[in-house]
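Below is one structure, written out as structure tokens; the observations come after it.
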Amino acid sequence: MPDIYHFFQMLVNGLNVGSTYALIAIGYTMVYGIIGMINFAHGEVYMIGSYIAFIAIAGLTMMGLDSVPLLMTAAFIASIVVTSAYGYSIERVAYRPLRGSNRLIPLISAIGMSLFLQNLVLMSQDSKDKSIPNLIPGGFSFGPGGAQEVIVSYMQIVVFVVTVLAMWGLTLFISRSRMGRACRACAEDMKMANLLGINTNNVIALTFVIGAALAAVAAVLISMQYGVINPNAGFMVGLKAFTAAVLGGIGSIPGAMLGGLVLGVAEAFGGDIFGDQYKDVVAFGLLVLVLLFRPSGILGRPEVEKV
Amino acid sequence: MSREILKVSGLSMRFGGLLAVNGVGLTVKEKQVVSMIGPNGAGKTTVFNCLTGFYKPTAGTILLDGEAIQGLAGHEIARKGVVRTFQNVRLFKDMTAVENLLIAQHRHLNTNFLAGLFKTPAFRKSERDAMEYAAYWLDKVNLTEFANRPAGTLAYGQQRRLEIARCMMTRPRILMLDEPAAGLNPKETEDLKALISVLRNEHNATVLLIEHDMKLVMSISDHIVVINQGTPLADGTPEQIRDNPEVIKAYLGEA
């Protein structure tokens, strides 16, 4: 039975890609859950995260520091801090002044912000691909060998473990902490939360910061795994993560996690069956199918009109 | 002579050509239950919306403990201790009963992120106090056994009571209830009446009430203000209002 190994290989690849989609999808879904807008600049936030990681690693290496744990930690911390600052500023500059206006207006502002950030990086970093070293090379394999070998790189394991930890931390934060409680209250009824004395501006800013931080985590992981970054990468990754969020049920955090994994696995198997060039077709086709039969996504709830 | 918690005078609210509220005045003294009554569409809820900052009144003054609050934003007025309920229940339905009560204490708590991360003793103490206060009020409204049920799954009367408990969490200076008995059965209305009495007698709450249930209004109010078509019609004790021919006319029409 040779297929089982191949199946495992596809599953590993799918979960690998899917967990990074899930990390980025959280940013879309949390912002939507709280203020009901799609932050189209989120893909660019991810892209900036990858550049910050690149700059941190390149900078430290130039200074002669090349210990892997140090570089890893530095890349994560620098990327998370700077990217969160971007997330916060984007909300402050481009969305907060428009709050309360027609739904389309912040959407246009988001698209503008996305173009601005892309061009900002194009101007400061030029349009060529930059390569980023994989700090954790190697891997292991099992299976009888040859075509039936299942290869798992250490980086893939790191991606999966870090994603699970981040999701676990986020879930704890939302369900247990005071700010998490405030987030849930705002998502349900922003006006009432405000009347009860919760500073809703802070809560909204926090969701942008959390989304950006998780996108930064994904950015560091994906960039190291693939070794290349460029200023246009945010678009496709953002689109996929957005698809994952909608697939899982936009507004739902477990939905985004599940949607990301389902999308990643579907892409891996779809690409394998129909050929790699069709994997995006499979991904977006799956979205269409799910939306046809469950318009609110896998874990989403049917929209109830607020009175 | 007890303190005047809320003193409204000459309050008017105009929507374009429609004068919805015209020169309404009312005074709520400390530990009083004051009711505002009037036929449907009289402008009672509009008055509430002006008092809580949902609308900016066109004219008039609103003094909270002597301080002018007209025209302030909703959350600013809320922070000064004016809390309200709405005609429809506005609980956080997906959150548990006790979480609904904890959330209302949010701004009284130390929400410092680092303190939360490291769970400092001060943070833990404030968390414990908040929980105890919530438990105390859950008990007061007889909902202790439902503490961990999502608020949306409670019976309607229970949701109403939980909402009042949530208001009390913010330690309000004045509690404003917009038709709290609407949709309640007679038993639940009795419970509500008892609860409002407890609030006043044991917790020194000051209450401003909009209500259509005349039996409830007459039995718990210290003072009643009647509004008809946006203008003040009468003002007095329950006995005075009951016997006022103008009020009877407004409610029943002329014979």
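Residue numbers start at 1 in each chain; chains themselves are named A, B, ... in the order of the structure tokens; ligands are numbered from 1 in the order shown.
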Any idea what's packed within 9 Å of Phe242 in chain A, counting only C-alpha atoms, ignoring anything in its chain fewer than 3 positions away? Could you give it as a PDB file with N, CA and C atoms, in the first residue's frame?
```pdb
ATOM      1  N   TYR A  21      -1.806  30.069   7.326  1.00  0.00           N
ATOM      2  CA  TYR A  21      -3.038  30.764   6.910  1.00  0.00           C
ATOM      3  C   TYR A  21      -3.869  31.096   8.147  1.00  0.00           C
ATOM      4  N   ILE A  24      -2.716  34.124  10.121  1.00  0.00           N
ATOM      5  CA  ILE A  24      -3.025  35.417   9.503  1.00  0.00           C
ATOM      6  C   ILE A  24      -4.535  35.660   9.500  1.00  0.00           C
ATOM      7  N   ALA A  25      -5.293  34.564   9.337  1.00  0.00           N
ATOM      8  CA  ALA A  25      -6.755  34.701   9.285  1.00  0.00           C
ATOM      9  C   ALA A  25      -7.327  35.271  10.580  1.00  0.00           C
ATOM     10  N   TYR A  28      -7.934  38.946  10.354  1.00  0.00           N
ATOM     11  CA  TYR A  28      -9.131  39.350   9.607  1.00  0.00           C
ATOM     12  C   TYR A  28     -10.376  39.142  10.453  1.00  0.00           C
ATOM     13  N   THR A  29     -10.424  37.962  11.076  1.00  0.00           N
ATOM     14  CA  THR A  29     -11.666  37.572  11.726  1.00  0.00           C
ATOM     15  C   THR A  29     -11.913  38.379  12.998  1.00  0.00           C
ATOM     16  N   ILE A  38     -13.563  44.640   6.833  1.00  0.00           N
ATOM     17  CA  ILE A  38     -12.486  43.789   6.366  1.00  0.00           C
ATOM     18  C   ILE A  38     -11.240  44.653   6.247  1.00  0.00           C
ATOM     19  N   PHE A  40      -8.329  45.180   4.612  1.00  0.00           N
ATOM     20  CA  PHE A  40      -7.602  44.694   3.445  1.00  0.00           C
ATOM     21  C   PHE A  40      -6.117  44.994   3.484  1.00  0.00           C
ATOM     22  N   GLY A  43      -2.793  41.840   4.742  1.00  0.00           N
ATOM     23  CA  GLY A  43      -1.771  41.114   3.986  1.00  0.00           C
ATOM     24  C   GLY A  43      -0.463  41.893   3.945  1.00  0.00           C
ATOM     25  N   VAL A 237      -0.978  36.033  -0.017  1.00  0.00           N
ATOM     26  CA  VAL A 237      -1.099  35.439   1.313  1.00  0.00           C
ATOM     27  C   VAL A 237      -2.316  36.021   2.020  1.00  0.00           C
ATOM     28  N   GLY A 238      -2.497  37.338   1.876  1.00  0.00           N
ATOM     29  CA  GLY A 238      -3.644  37.986   2.505  1.00  0.00           C
ATOM     30  C   GLY A 238      -4.953  37.431   1.966  1.00  0.00           C
ATOM     31  N   LEU A 239      -4.983  37.240   0.646  1.00  0.00           N
ATOM     32  CA  LEU A 239      -6.200  36.724   0.011  1.00  0.00           C
ATOM     33  C   LEU A 239      -6.525  35.325   0.516  1.00  0.00           C
ATOM     34  N   ALA A 245     -10.532  32.728   6.602  1.00  0.00           N
ATOM     35  CA  ALA A 245     -11.404  33.329   7.617  1.00  0.00           C
ATOM     36  C   ALA A 245     -12.869  33.194   7.220  1.00  0.00           C
ATOM     37  N   VAL A 246     -13.158  33.445   5.936  1.00  0.00           N
ATOM     38  CA  VAL A 246     -14.543  33.355   5.467  1.00  0.00           C
ATOM     39  C   VAL A 246     -15.009  31.902   5.483  1.00  0.00           C
ATOM     40  N   LEU A 247     -14.098  31.013   5.063  1.00  0.00           N
ATOM     41  CA  LEU A 247     -14.403  29.584   5.041  1.00  0.00           C
ATOM     42  C   LEU A 247     -14.796  29.097   6.435  1.00  0.00           C
ATOM     43  N   ILE A 250     -16.479  34.051   9.227  1.00  0.00           N
ATOM     44  CA  ILE A 250     -15.768  35.257   9.626  1.00  0.00           C
ATOM     45  C   ILE A 250     -16.370  35.831  10.902  1.00  0.00           C
ATOM     46  N   ALA A 256     -11.549  30.676  12.197  1.00  0.00           N
ATOM     47  CA  ALA A 256     -10.364  31.056  11.426  1.00  0.00           C
ATOM     48  C   ALA A 256      -9.286  29.990  11.541  1.00  0.00           C
TER      49      ALA A 256
END
```
Please return, as number ranges by chain, all residues of chain A lying within 10 Å of chain B when only C-alpha atoms are considered. A: 173, 175, 177-179, 181-182, 184-189, 191-200, 307
For the atom pair CA of Arg173 in chain B and CA of Leu216 in chain B, what is the interatomic distance in Å to one decimal place? 22.5 Å
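Residues lying within 8 Å of Gly251 in chain A, counting only C-alpha atoms and ignoring same-chain neighbours fewer than 5 positions away, are Thr29, Met30, Val31, Tyr32, Gly33, Ile34, Ala245 and Gly300 of chain A.
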I need the chosen residues saved as a JSON list (two decimals), in the first residue's frame, with C-alpha atoms.
```json
[["chain", "number", "residue", "atom", "x", "y", "z"],
["A", 29, "THR", "CA", -11.67, 37.57, 11.73],
["A", 30, "MET", "CA", -11.07, 39.47, 14.99],
["A", 31, "VAL", "CA", -11.27, 42.86, 13.33],
["A", 32, "TYR", "CA", -14.41, 41.81, 11.50],
["A", 33, "GLY", "CA", -15.92, 40.41, 14.68],
["A", 34, "ILE", "CA", -15.46, 43.68, 16.50],
["A", 245, "ALA", "CA", -11.40, 33.33, 7.62],
["A", 300, "GLY", "CA", -20.06, 30.90, 11.60]]
```
Would you list the contacts of range 238-252 of chain B as a PyMOL selection string, taking every protein, DNA or RNA residue within 8 Å and counting only C-alpha atoms, but skipping same-chain residues closer than 5 positions in sequence? chain B and resi 38-39+218+221-224+226+228+233
Just write the chosen residues, C-alpha atoms, as a PDB file, in the first residue's frame.
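The new file again_20.pdb reads:
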```
ATOM      1  CA  GLY B  38     -47.576  58.960  29.571  1.00  0.00           C
ATOM      2  CA  PRO B  39     -49.349  57.493  26.541  1.00  0.00           C
ATOM      3  CA  MET B 218     -48.542  53.521  41.734  1.00  0.00           C
ATOM      4  CA  SER B 221     -43.160  55.519  43.120  1.00  0.00           C
ATOM      5  CA  ASP B 222     -42.476  58.391  45.477  1.00  0.00           C
ATOM      6  CA  HIS B 223     -43.210  60.824  42.745  1.00  0.00           C
ATOM      7  CA  ILE B 224     -44.709  60.655  39.262  1.00  0.00           C
ATOM      8  CA  VAL B 226     -46.779  62.654  33.453  1.00  0.00           C
ATOM      9  CA  ASN B 228     -48.269  63.933  27.017  1.00  0.00           C
ATOM     10  CA  LEU B 233     -48.913  67.363  31.955  1.00  0.00           C
TER      11      LEU B 233
END
```
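For range 56-69 of chain A, the non-local neighbours within 7 Å, defined as residues at least 5 positions apart in the same chain or in other chains and counting only C-alpha atoms, are Ala74, Ala75, Ala78 and Leu135 of chain A.
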Those same residues - N, CA and C atoms - I'd like them written as a compact mmCIF listing (two decimals), in the first residue's frame.
```
# COMPACT_ATOMS: atom_id res chain seq x y z
N ALA A 74 15.46 37.28 18.18
CA ALA A 74 15.51 38.66 17.72
C ALA A 74 14.52 38.87 16.58
N ALA A 75 14.48 37.91 15.64
CA ALA A 75 13.58 38.05 14.50
C ALA A 75 12.14 38.10 14.99
N ALA A 78 11.57 41.51 17.18
CA ALA A 78 11.58 42.72 16.34
C ALA A 78 10.34 42.74 15.46
N LEU A 135 17.05 29.26 9.44
CA LEU A 135 17.93 29.07 10.58
C LEU A 135 17.87 27.65 11.13
```
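CA of Leu209 in chain B lies 6.0 Å from CA of Met36 in chain B.
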Shortest interatomic distance to Gly18 in chain A - which of A:Gln118, A:Asn230, A:Thr163, A:Ser109, counting only C-alpha atoms: A:Thr163
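For range 63-257 of chain A, backbone-based DSSP labels the following residues as strand (DSSP E): Lys130, Ser131, Gly139, Phe140, Ser141, Phe142, Val150, Ile151, Val152, Ser153, Val228 and Ile229 of chain A.
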Just the selected residues (N, CA and C atoms), exported as a PDB file, in the first residue's frame, please.
```
ATOM      1  N   LYS A 130      14.296  39.267  -1.738  1.00  0.00           N
ATOM      2  CA  LYS A 130      15.408  39.194  -0.803  1.00  0.00           C
ATOM      3  C   LYS A 130      15.386  37.788  -0.215  1.00  0.00           C
ATOM      4  N   SER A 131      16.564  37.276   0.074  1.00  0.00           N
ATOM      5  CA  SER A 131      16.552  35.931   0.634  1.00  0.00           C
ATOM      6  C   SER A 131      16.837  35.998   2.128  1.00  0.00           C
ATOM      7  N   GLY A 139      15.886  17.982   8.479  1.00  0.00           N
ATOM      8  CA  GLY A 139      14.613  17.367   8.768  1.00  0.00           C
ATOM      9  C   GLY A 139      14.817  15.887   8.944  1.00  0.00           C
ATOM     10  N   PHE A 140      13.734  15.169   8.893  1.00  0.00           N
ATOM     11  CA  PHE A 140      13.876  13.723   8.977  1.00  0.00           C
ATOM     12  C   PHE A 140      12.866  13.099   8.041  1.00  0.00           C
ATOM     13  N   SER A 141      13.037  11.825   7.820  1.00  0.00           N
ATOM     14  CA  SER A 141      12.097  11.172   6.928  1.00  0.00           C
ATOM     15  C   SER A 141      11.787   9.796   7.468  1.00  0.00           C
ATOM     16  N   PHE A 142      10.646   9.288   7.078  1.00  0.00           N
ATOM     17  CA  PHE A 142      10.335   7.910   7.416  1.00  0.00           C
ATOM     18  C   PHE A 142       9.621   7.274   6.240  1.00  0.00           C
ATOM     19  N   VAL A 150       8.349   9.867   3.403  1.00  0.00           N
ATOM     20  CA  VAL A 150       7.666  11.050   3.931  1.00  0.00           C
ATOM     21  C   VAL A 150       8.729  11.954   4.538  1.00  0.00           C
ATOM     22  N   ILE A 151       8.887  13.137   3.971  1.00  0.00           N
ATOM     23  CA  ILE A 151       9.923  14.052   4.452  1.00  0.00           C
ATOM     24  C   ILE A 151       9.288  15.164   5.265  1.00  0.00           C
ATOM     25  N   VAL A 152       9.787  15.326   6.490  1.00  0.00           N
ATOM     26  CA  VAL A 152       9.287  16.398   7.343  1.00  0.00           C
ATOM     27  C   VAL A 152      10.483  17.242   7.747  1.00  0.00           C
ATOM     28  N   SER A 153      10.431  18.550   7.380  1.00  0.00           N
ATOM     29  CA  SER A 153      11.566  19.382   7.765  1.00  0.00           C
ATOM     30  C   SER A 153      11.360  19.874   9.200  1.00  0.00           C
ATOM     31  N   VAL A 228      12.450  33.297   0.772  1.00  0.00           N
ATOM     32  CA  VAL A 228      12.355  34.474  -0.095  1.00  0.00           C
ATOM     33  C   VAL A 228      11.277  35.417   0.424  1.00  0.00           C
ATOM     34  N   ILE A 229      11.553  36.727   0.345  1.00  0.00           N
ATOM     35  CA  ILE A 229      10.486  37.676   0.639  1.00  0.00           C
ATOM     36  C   ILE A 229      10.458  38.719  -0.456  1.00  0.00           C
TER      37      ILE A 229
END
```
Would you please give, as a compact mmCIF listing (two decimals) with C-alpha atoms, in the first residue's frame, all residues of range 28-243 of chain B that DSSP assigns to helix (DSSP H, G or I) based on the backbone?
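The resulting part-v2.txt:
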```
# COMPACT_ATOMS: atom_id res chain seq x y z
CA LYS B 44 -40.56 59.36 27.55
CA THR B 45 -37.80 57.36 25.92
CA THR B 46 -36.63 60.49 24.12
CA VAL B 47 -36.19 62.11 27.53
CA PHE B 48 -34.16 59.07 28.62
CA ASN B 49 -32.04 59.33 25.50
CA CYS B 50 -31.34 62.99 26.23
CA LEU B 51 -30.44 62.24 29.83
CA GLY B 74 -22.90 58.78 26.25
CA HIS B 75 -19.87 57.12 27.78
CA GLU B 76 -18.93 60.30 29.66
CA ILE B 77 -22.37 60.45 31.24
CA ALA B 78 -22.18 56.71 31.97
CA ARG B 79 -18.90 57.26 33.76
CA ALA B 97 -24.42 35.58 33.72
CA VAL B 98 -21.43 36.13 35.96
CA GLU B 99 -19.30 37.41 33.08
CA ASN B 100 -21.98 39.97 32.33
CA LEU B 101 -21.58 41.24 35.87
CA LEU B 102 -17.78 41.18 35.75
CA ILE B 103 -17.67 43.16 32.53
CA HIS B 106 -14.25 46.62 34.08
CA ARG B 107 -13.40 50.25 34.60
CA HIS B 108 -13.27 49.89 38.38
CA PHE B 113 -1.66 44.51 31.18
CA LEU B 114 1.57 43.65 33.00
CA ALA B 115 -0.24 43.25 36.32
CA GLY B 116 -2.53 40.80 34.55
CA LEU B 117 0.32 38.96 32.89
CA PHE B 118 2.19 38.40 36.14
CA PRO B 121 -1.25 40.24 44.42
CA ALA B 122 -3.09 43.52 43.85
CA PHE B 123 -4.45 42.18 40.56
CA ARG B 124 -5.60 38.96 42.16
CA LYS B 125 -7.26 40.78 45.01
CA SER B 126 -9.18 43.07 42.68
CA GLU B 127 -10.23 40.04 40.60
CA ARG B 128 -11.44 38.28 43.74
CA ASP B 129 -13.31 41.37 44.93
CA ALA B 130 -15.01 41.72 41.56
CA MET B 131 -16.06 38.09 41.70
CA GLU B 132 -17.41 38.46 45.23
CA TYR B 133 -19.37 41.56 44.30
CA ALA B 134 -20.80 39.76 41.28
CA ALA B 135 -21.72 36.74 43.42
CA TYR B 136 -23.39 39.04 45.95
CA TRP B 137 -25.62 40.57 43.30
CA LEU B 138 -26.36 37.28 41.61
CA ASP B 139 -27.70 36.18 44.95
CA LYS B 140 -29.72 39.38 45.33
CA THR B 144 -26.83 32.23 41.69
CA GLU B 145 -27.64 28.80 40.28
CA PHE B 146 -27.46 30.20 36.73
CA ALA B 151 -27.19 35.00 29.58
CA GLY B 152 -29.14 34.43 26.36
CA THR B 153 -30.46 31.09 27.61
CA TYR B 156 -36.97 36.61 30.03
CA GLY B 157 -37.73 37.70 33.58
CA GLN B 158 -34.34 36.41 34.71
CA GLN B 159 -32.63 38.36 31.94
CA ARG B 160 -34.41 41.51 33.13
CA ARG B 161 -33.20 40.95 36.68
CA LEU B 162 -29.68 40.18 35.51
CA GLU B 163 -29.67 43.42 33.57
CA ILE B 164 -30.58 45.38 36.70
CA ALA B 165 -27.85 43.58 38.66
CA ARG B 166 -25.41 44.50 35.90
CA CYS B 167 -26.37 48.15 36.26
CA MET B 168 -25.77 47.96 40.00
CA MET B 169 -22.24 46.64 39.32
CA PRO B 186 -47.64 38.97 36.92
CA LYS B 187 -45.34 36.83 39.09
CA GLU B 188 -42.23 38.25 37.45
CA THR B 189 -43.62 41.77 37.83
CA GLU B 190 -44.06 41.13 41.55
CA ASP B 191 -40.43 39.98 41.76
CA LEU B 192 -39.35 43.10 39.94
CA LYS B 193 -41.31 45.30 42.30
CA ALA B 194 -39.71 43.60 45.29
CA LEU B 195 -36.28 44.01 43.70
CA ILE B 196 -36.73 47.74 43.10
CA SER B 197 -37.85 48.17 46.72
CA VAL B 198 -34.77 46.30 47.91
CA LEU B 199 -32.57 48.48 45.73
CA ARG B 200 -33.98 51.59 47.26
CA ASN B 201 -34.32 50.51 50.88
CA GLU B 202 -31.18 48.44 51.30
CA HIS B 203 -28.81 49.82 48.68
CA MET B 214 -49.87 51.42 36.44
CA LYS B 215 -50.21 49.04 39.37
CA LEU B 216 -46.42 48.82 39.59
CA VAL B 217 -45.96 52.55 39.12
CA MET B 218 -48.54 53.52 41.73
CA SER B 219 -47.20 51.10 44.31
CA ILE B 220 -43.48 51.90 44.21
CA PRO B 238 -49.22 58.78 43.15
CA GLU B 239 -52.41 59.88 44.90
CA GLN B 240 -52.37 63.29 43.25
CA ILE B 241 -51.79 61.76 39.84
CA ARG B 242 -54.51 59.17 40.25
```
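Excluding Arg103 in chain A itself and same-chain residues fewer than 3 positions from it, the residues having an atom within 9 Å of it are Gly36, Met37, Arg99, Gly100, Pro106 and Leu107 of chain A, counting only C-alpha atoms.
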Output file for the selection above: C-alpha atoms, as a short mmCIF file (atom, residue, chain, number, x, y, z; two decimals), in the first residue's frame:
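Result saved to out-v1.cif:
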```cif
data_model
loop_
_atom_site.label_atom_id
_atom_site.label_comp_id
_atom_site.auth_asym_id
_atom_site.auth_seq_id
_atom_site.Cartn_x
_atom_site.Cartn_y
_atom_site.Cartn_z
CA GLY A 36 -17.50 44.59 11.08
CA MET A 37 -14.94 45.70 8.52
CA ARG A 99 -15.73 55.06 12.37
CA GLY A 100 -19.47 55.45 12.18
CA PRO A 106 -13.32 52.27 5.67
CA LEU A 107 -13.10 49.51 3.07
#
```
Using CA of Leu63 in chain B and CA of Asn201 in chain A as the two end points, give the distance in Å to one decimal. 27.7 Å
Give me, as a PDB file with N, CA and C atoms, in the first residue's frame, all polymer residues having an atom no more than 12 Å from Pro144 in chain A, counting only C-alpha atoms and skipping those fewer than 2 positions away in the same chain.
```pdb
ATOM      1  N   MET A   1       0.853  -1.197   0.000  1.00  0.00           N
ATOM      2  CA  MET A   1       0.000   0.000   0.000  1.00  0.00           C
ATOM      3  C   MET A   1       0.884   1.240   0.000  1.00  0.00           C
ATOM      4  N   PRO A   2       1.233   1.713  -1.134  1.00  0.00           N
ATOM      5  CA  PRO A   2       2.177   2.828  -1.205  1.00  0.00           C
ATOM      6  C   PRO A   2       1.523   4.175  -0.896  1.00  0.00           C
ATOM      7  N   ASP A   3       0.198   4.263  -1.127  1.00  0.00           N
ATOM      8  CA  ASP A   3      -0.455   5.575  -1.081  1.00  0.00           C
ATOM      9  C   ASP A   3      -0.462   6.208   0.301  1.00  0.00           C
ATOM     10  N   ILE A   4      -0.424   5.398   1.324  1.00  0.00           N
ATOM     11  CA  ILE A   4      -0.526   5.934   2.665  1.00  0.00           C
ATOM     12  C   ILE A   4       0.610   6.905   2.976  1.00  0.00           C
ATOM     13  N   TYR A   5       1.807   6.618   2.466  1.00  0.00           N
ATOM     14  CA  TYR A   5       2.946   7.517   2.724  1.00  0.00           C
ATOM     15  C   TYR A   5       2.765   8.824   1.996  1.00  0.00           C
ATOM     16  N   HIS A   6       2.296   8.685   0.774  1.00  0.00           N
ATOM     17  CA  HIS A   6       2.052   9.882  -0.016  1.00  0.00           C
ATOM     18  C   HIS A   6       0.983  10.751   0.671  1.00  0.00           C
ATOM     19  N   SER A 141      13.037  11.825   7.820  1.00  0.00           N
ATOM     20  CA  SER A 141      12.097  11.172   6.928  1.00  0.00           C
ATOM     21  C   SER A 141      11.787   9.796   7.468  1.00  0.00           C
ATOM     22  N   PHE A 142      10.646   9.288   7.078  1.00  0.00           N
ATOM     23  CA  PHE A 142      10.335   7.910   7.416  1.00  0.00           C
ATOM     24  C   PHE A 142       9.621   7.274   6.240  1.00  0.00           C
ATOM     25  N   GLY A 146      12.654   6.010  -1.281  1.00  0.00           N
ATOM     26  CA  GLY A 146      12.277   6.260  -2.665  1.00  0.00           C
ATOM     27  C   GLY A 146      11.076   7.167  -2.740  1.00  0.00           C
ATOM     28  N   ALA A 147      10.137   6.842  -3.627  1.00  0.00           N
ATOM     29  CA  ALA A 147       8.958   7.687  -3.831  1.00  0.00           C
ATOM     30  C   ALA A 147       8.022   7.616  -2.644  1.00  0.00           C
ATOM     31  N   GLN A 148       8.217   6.590  -1.820  1.00  0.00           N
ATOM     32  CA  GLN A 148       7.305   6.429  -0.698  1.00  0.00           C
ATOM     33  C   GLN A 148       7.838   7.047   0.583  1.00  0.00           C
ATOM     34  N   GLU A 149       8.819   7.921   0.460  1.00  0.00           N
ATOM     35  CA  GLU A 149       9.416   8.555   1.627  1.00  0.00           C
ATOM     36  C   GLU A 149       8.541   9.733   2.091  1.00  0.00           C
ATOM     37  N   VAL A 150       8.349   9.867   3.403  1.00  0.00           N
ATOM     38  CA  VAL A 150       7.666  11.050   3.931  1.00  0.00           C
ATOM     39  C   VAL A 150       8.729  11.954   4.538  1.00  0.00           C
ATOM     40  N   ILE A 151       8.887  13.137   3.971  1.00  0.00           N
ATOM     41  CA  ILE A 151       9.923  14.052   4.452  1.00  0.00           C
ATOM     42  C   ILE A 151       9.288  15.164   5.265  1.00  0.00           C
TER      43      ILE A 151
END
```
Distance criterion (only C-alpha atoms): nearest to Thr237 in chain B out of B:Asn22, B:Gln32, B:Ser9, B:Thr58: B:Gln32
